[in-house]
Structures are given as structure tokens and as C-alpha cells.
Amino acid sequence: GVTGWAIGTDPGVVSYVPVGDPVLDAAEGSELYTALGKVASCYYWHQDDFAGVMRNAISFNGSFFTAERMATEYFARAYRRSRSIVTGS
């Protein structure tokens, strides 16, 4: 892929994905091993292609993984929630 390798069911496509479904687990396990084979092949024998995928993944997703976003999210989840429990608001 351009930004990585997908594994499993896209939750945006399926409204309900059962947890622990043996049929789904087997299918996703098979997809995982297929993807790992592609990743390993790309990593060991097509290193320029692998580096390109990694660069694309970082450039596409990098803006989401910032210290500012993580600190804001941490504050929102930890402190705002605990404040509302203490104050009742």
C-alpha cells in the first residue's frame, strides 16, 4: 500500500463487528500473516519501496501524532472528566 498494509475489517464499512467470532478471527489471522509476508518481503528485498511506504505513512499520519494533540487529549480525558465527577458539573 501507499501508507501501509490494512488488516481486518474496516469498522466504517461494517456496522457491527463481533468480538471473538472464530470465523472472523480466522479470516483476520490469515490476513495478518499475508500482510506480514508482504511487509517482510518489501523490507528485505525492496528496501527503497519499503522506505517509500514508511515516508508516506509518516507524512500522512504524522500531523495527528503531535505532542500538542496528545497533551490536549490527555487533559480532556483525565482532568476534565475527574473535575466533572468532583464538582458534579
# chains A, B, ... in the order shown; residues from 1 in each chain; ligands from 1
>>> residues_around(residues="Gly29 in chain A", least_positions_apart="6", cutoff="12 Å", atoms="only C-alpha atoms", output="list of chain:residue names")
A:Ile7, A:Gly8, A:Thr9, A:Asp21, A:Pro22, A:Val23, A:Ala35, A:Leu36
>>> write_last_selection(atoms="N, CA, C and O atoms", output="PDB file, in the first residue's frame")
ATOM      1  N   ILE A   7      -5.246  -4.557   7.701  1.00  0.00           N
ATOM      2  CA  ILE A   7      -5.549  -5.875   8.256  1.00  0.00           C
ATOM      3  C   ILE A   7      -6.940  -5.810   8.864  1.00  0.00           C
ATOM      4  O   ILE A   7      -7.256  -4.893   9.609  1.00  0.00           O
ATOM      5  N   GLY A   8      -7.770  -6.781   8.556  1.00  0.00           N
ATOM      6  CA  GLY A   8      -9.070  -6.899   9.211  1.00  0.00           C
ATOM      7  C   GLY A   8     -10.175  -6.115   8.542  1.00  0.00           C
ATOM      8  O   GLY A   8     -10.025  -5.564   7.468  1.00  0.00           O
ATOM      9  N   THR A   9     -11.287  -6.068   9.241  1.00  0.00           N
ATOM     10  CA  THR A   9     -12.499  -5.445   8.752  1.00  0.00           C
ATOM     11  C   THR A   9     -12.467  -3.947   9.038  1.00  0.00           C
ATOM     12  O   THR A   9     -12.105  -3.532  10.135  1.00  0.00           O
ATOM     13  N   ASP A  21     -15.405 -13.687  17.418  1.00  0.00           N
ATOM     14  CA  ASP A  21     -16.056 -14.553  16.436  1.00  0.00           C
ATOM     15  C   ASP A  21     -14.980 -15.434  15.794  1.00  0.00           C
ATOM     16  O   ASP A  21     -14.064 -14.915  15.152  1.00  0.00           O
ATOM     17  N   PRO A  22     -15.042 -16.756  15.951  1.00  0.00           N
ATOM     18  CA  PRO A  22     -13.976 -17.624  15.448  1.00  0.00           C
ATOM     19  C   PRO A  22     -13.783 -17.544  13.930  1.00  0.00           C
ATOM     20  O   PRO A  22     -12.659 -17.632  13.441  1.00  0.00           O
ATOM     21  N   VAL A  23     -14.848 -17.362  13.187  1.00  0.00           N
ATOM     22  CA  VAL A  23     -14.734 -17.266  11.725  1.00  0.00           C
ATOM     23  C   VAL A  23     -14.019 -15.967  11.352  1.00  0.00           C
ATOM     24  O   VAL A  23     -13.099 -15.965  10.534  1.00  0.00           O
ATOM     25  N   ALA A  35      -0.302 -10.116   5.200  1.00  0.00           N
ATOM     26  CA  ALA A  35       0.293  -8.772   5.264  1.00  0.00           C
ATOM     27  C   ALA A  35       1.722  -8.834   5.781  1.00  0.00           C
ATOM     28  O   ALA A  35       2.614  -8.141   5.260  1.00  0.00           O
ATOM     29  N   LEU A  36       1.984  -9.652   6.802  1.00  0.00           N
ATOM     30  CA  LEU A  36       3.347  -9.787   7.322  1.00  0.00           C
ATOM     31  C   LEU A  36       4.297 -10.320   6.261  1.00  0.00           C
ATOM     32  O   LEU A  36       5.457  -9.889   6.176  1.00  0.00           O
TER      33      LEU A  36
END
>>> residues_around(residues="Met54 in chain A", least_positions_apart="2", cutoff="12 Å", atoms="only C-alpha atoms", output="list in words")
Gly1, Val2, Thr3, Gly4, Trp5, Val39, Cys42, Tyr43, Gln47, Asp48, Asp49, Phe50, Ala51, Gly52, Asn56, Ala57, Ile58, Ser59, Phe60, Asn61 and Gly62 of chain A
>>> atom_distance(atom1="CA of Thr72 in chain A", atom2="CA of Val53 in chain A")
29.0 Å
>>> atom_distance(atom1="CA of Glu28 in chain A", atom2="CA of Ala6 in chain A")
10.3 Å
>>> atom_distance(atom1="CA of Pro18 in chain A", atom2="CA of Ser30 in chain A")
17.3 Å
>>> decode(residues="range 64-77 of chain A", atoms="all heavy atoms", output="JSON list (two decimals), in the first residue's frame")
[["chain", "number", "residue", "atom", "x", "y", "z"],
["A", 64, "PHE", "N", -1.30, 14.01, 12.97],
["A", 64, "PHE", "CA", -2.22, 13.59, 14.04],
["A", 64, "PHE", "C", -1.46, 13.27, 15.32],
["A", 64, "PHE", "O", -1.96, 13.44, 16.41],
["A", 64, "PHE", "CB", -3.04, 12.37, 13.60],
["A", 64, "PHE", "CG", -4.02, 11.92, 14.63],
["A", 64, "PHE", "CD1", -5.16, 12.66, 14.91],
["A", 64, "PHE", "CD2", -3.81, 10.75, 15.33],
["A", 64, "PHE", "CE1", -6.07, 12.24, 15.87],
["A", 64, "PHE", "CE2", -4.70, 10.32, 16.30],
["A", 64, "PHE", "CZ", -5.82, 11.07, 16.56],
["A", 65, "PHE", "N", -0.22, 12.79, 15.19],
["A", 65, "PHE", "CA", 0.57, 12.37, 16.35],
["A", 65, "PHE", "C", 1.54, 13.47, 16.77],
["A", 65, "PHE", "O", 2.74, 13.37, 16.58],
["A", 65, "PHE", "CB", 1.31, 11.06, 16.03],
["A", 65, "PHE", "CG", 0.37, 9.92, 15.80],
["A", 65, "PHE", "CD1", 0.03, 9.54, 14.52],
["A", 65, "PHE", "CD2", -0.22, 9.26, 16.87],
["A", 65, "PHE", "CE1", -0.86, 8.49, 14.30],
["A", 65, "PHE", "CE2", -1.10, 8.23, 16.66],
["A", 65, "PHE", "CZ", -1.43, 7.84, 15.38],
["A", 66, "THR", "N", 0.99, 14.53, 17.35],
["A", 66, "THR", "CA", 1.81, 15.63, 17.83],
["A", 66, "THR", "C", 1.71, 15.69, 19.35],
["A", 66, "THR", "O", 0.74, 15.22, 19.95],
["A", 66, "THR", "CB", 1.33, 16.98, 17.26],
["A", 66, "THR", "OG1", 0.01, 17.23, 17.74],
["A", 66, "THR", "CG2", 1.33, 16.98, 15.73],
["A", 67, "ALA", "N", 2.72, 16.29, 19.97],
["A", 67, "ALA", "CA", 2.71, 16.44, 21.43],
["A", 67, "ALA", "C", 1.53, 17.31, 21.87],
["A", 67, "ALA", "O", 0.90, 17.05, 22.89],
["A", 67, "ALA", "CB", 4.03, 17.03, 21.91],
["A", 68, "GLU", "N", 1.22, 18.33, 21.08],
["A", 68, "GLU", "CA", 0.10, 19.22, 21.44],
["A", 68, "GLU", "C", -1.21, 18.45, 21.45],
["A", 68, "GLU", "O", -2.01, 18.56, 22.39],
["A", 68, "GLU", "CB", 0.01, 20.39, 20.46],
["A", 68, "GLU", "CG", -1.14, 21.32, 20.76],
["A", 68, "GLU", "CD", -1.27, 22.45, 19.75],
["A", 68, "GLU", "OE1", -0.52, 22.50, 18.77],
["A", 68, "GLU", "OE2", -2.16, 23.28, 19.95],
["A", 69, "ARG", "N", -1.45, 17.65, 20.43],
["A", 69, "ARG", "CA", -2.69, 16.88, 20.37],
["A", 69, "ARG", "C", -2.76, 15.88, 21.52],
["A", 69, "ARG", "O", -3.79, 15.70, 22.17],
["A", 69, "ARG", "CB", -2.83, 16.14, 19.04],
["A", 69, "ARG", "CG", -4.21, 15.49, 18.93],
["A", 69, "ARG", "CD", -4.27, 14.13, 18.29],
["A", 69, "ARG", "NE", -3.22, 13.21, 18.50],
["A", 69, "ARG", "CZ", -3.25, 12.19, 19.37],
["A", 69, "ARG", "NH1", -4.30, 11.99, 20.15],
["A", 69, "ARG", "NH2", -2.25, 11.36, 19.48],
["A", 70, "MET", "N", -1.64, 15.21, 21.80],
["A", 70, "MET", "CA", -1.64, 14.22, 22.87],
["A", 70, "MET", "C", -1.87, 14.86, 24.23],
["A", 70, "MET", "O", -2.62, 14.33, 25.06],
["A", 70, "MET", "CB", -0.33, 13.43, 22.85],
["A", 70, "MET", "CG", -0.25, 12.48, 21.66],
["A", 70, "MET", "SD", 1.21, 11.42, 21.68],
["A", 70, "MET", "CE", 2.47, 12.58, 21.19],
["A", 71, "ALA", "N", -1.25, 16.02, 24.48],
["A", 71, "ALA", "CA", -1.44, 16.71, 25.77],
["A", 71, "ALA", "C", -2.88, 17.20, 25.91],
["A", 71, "ALA", "O", -3.49, 17.07, 26.98],
["A", 71, "ALA", "CB", -0.48, 17.88, 25.89],
["A", 72, "THR", "N", -3.44, 17.73, 24.83],
["A", 72, "THR", "CA", -4.83, 18.20, 24.85],
["A", 72, "THR", "C", -5.79, 17.03, 25.11],
["A", 72, "THR", "O", -6.71, 17.14, 25.93],
["A", 72, "THR", "CB", -5.18, 18.89, 23.52],
["A", 72, "THR", "OG1", -4.28, 19.97, 23.32],
["A", 72, "THR", "CG2", -6.61, 19.38, 23.50],
["A", 73, "GLU", "N", -5.56, 15.93, 24.43],
["A", 73, "GLU", "CA", -6.41, 14.76, 24.62],
["A", 73, "GLU", "C", -6.28, 14.20, 26.04],
["A", 73, "GLU", "O", -7.27, 13.84, 26.67],
["A", 73, "GLU", "CB", -6.05, 13.68, 23.60],
["A", 73, "GLU", "CG", -6.94, 12.45, 23.68],
["A", 73, "GLU", "CD", -6.58, 11.43, 22.61],
["A", 73, "GLU", "OE1", -6.19, 11.82, 21.49],
["A", 73, "GLU", "OE2", -6.69, 10.24, 22.91],
["A", 74, "TYR", "N", -5.06, 14.14, 26.54],
["A", 74, "TYR", "CA", -4.83, 13.66, 27.90],
["A", 74, "TYR", "C", -5.56, 14.54, 28.91],
["A", 74, "TYR", "O", -6.25, 14.05, 29.80],
["A", 74, "TYR", "CB", -3.33, 13.62, 28.21],
["A", 74, "TYR", "CG", -3.02, 13.21, 29.63],
["A", 74, "TYR", "CD1", -3.05, 11.87, 30.00],
["A", 74, "TYR", "CD2", -2.71, 14.16, 30.59],
["A", 74, "TYR", "CE1", -2.78, 11.48, 31.30],
["A", 74, "TYR", "CE2", -2.43, 13.78, 31.89],
["A", 74, "TYR", "CZ", -2.47, 12.45, 32.24],
["A", 74, "TYR", "OH", -2.20, 12.08, 33.53],
["A", 75, "PHE", "N", -5.42, 15.86, 28.76],
["A", 75, "PHE", "CA", -6.09, 16.80, 29.66],
["A", 75, "PHE", "C", -7.61, 16.59, 29.60],
["A", 75, "PHE", "O", -8.28, 16.52, 30.63],
["A", 75, "PHE", "CB", -5.73, 18.24, 29.29],
["A", 75, "PHE", "CG", -6.46, 19.25, 30.11],
["A", 75, "PHE", "CD1", -6.06, 19.54, 31.41],
["A", 75, "PHE", "CD2", -7.56, 19.93, 29.59],
["A", 75, "PHE", "CE1", -6.74, 20.46, 32.18],
["A", 75, "PHE", "CE2", -8.25, 20.85, 30.35],
["A", 75, "PHE", "CZ", -7.84, 21.12, 31.65],
["A", 76, "ALA", "N", -8.13, 16.50, 28.38],
["A", 76, "ALA", "CA", -9.58, 16.34, 28.22],
["A", 76, "ALA", "C", -10.08, 15.05, 28.86],
["A", 76, "ALA", "O", -11.12, 15.05, 29.53],
["A", 76, "ALA", "CB", -9.95, 16.37, 26.74],
["A", 77, "ARG", "N", -9.35, 13.98, 28.68],
["A", 77, "ARG", "CA", -9.80, 12.69, 29.21],
["A", 77, "ARG", "C", -9.58, 12.56, 30.71],
["A", 77, "ARG", "O", -10.42, 12.03, 31.42],
["A", 77, "ARG", "CB", -9.10, 11.55, 28.49],
["A", 77, "ARG", "CG", -9.56, 11.38, 27.07],
["A", 77, "ARG", "CD", -8.92, 10.19, 26.45],
["A", 77, "ARG", "NE", -9.36, 10.03, 25.08],
["A", 77, "ARG", "CZ", -9.14, 8.95, 24.36],
["A", 77, "ARG", "NH1", -8.46, 7.94, 24.88],
["A", 77, "ARG", "NH2", -9.57, 8.88, 23.13]]
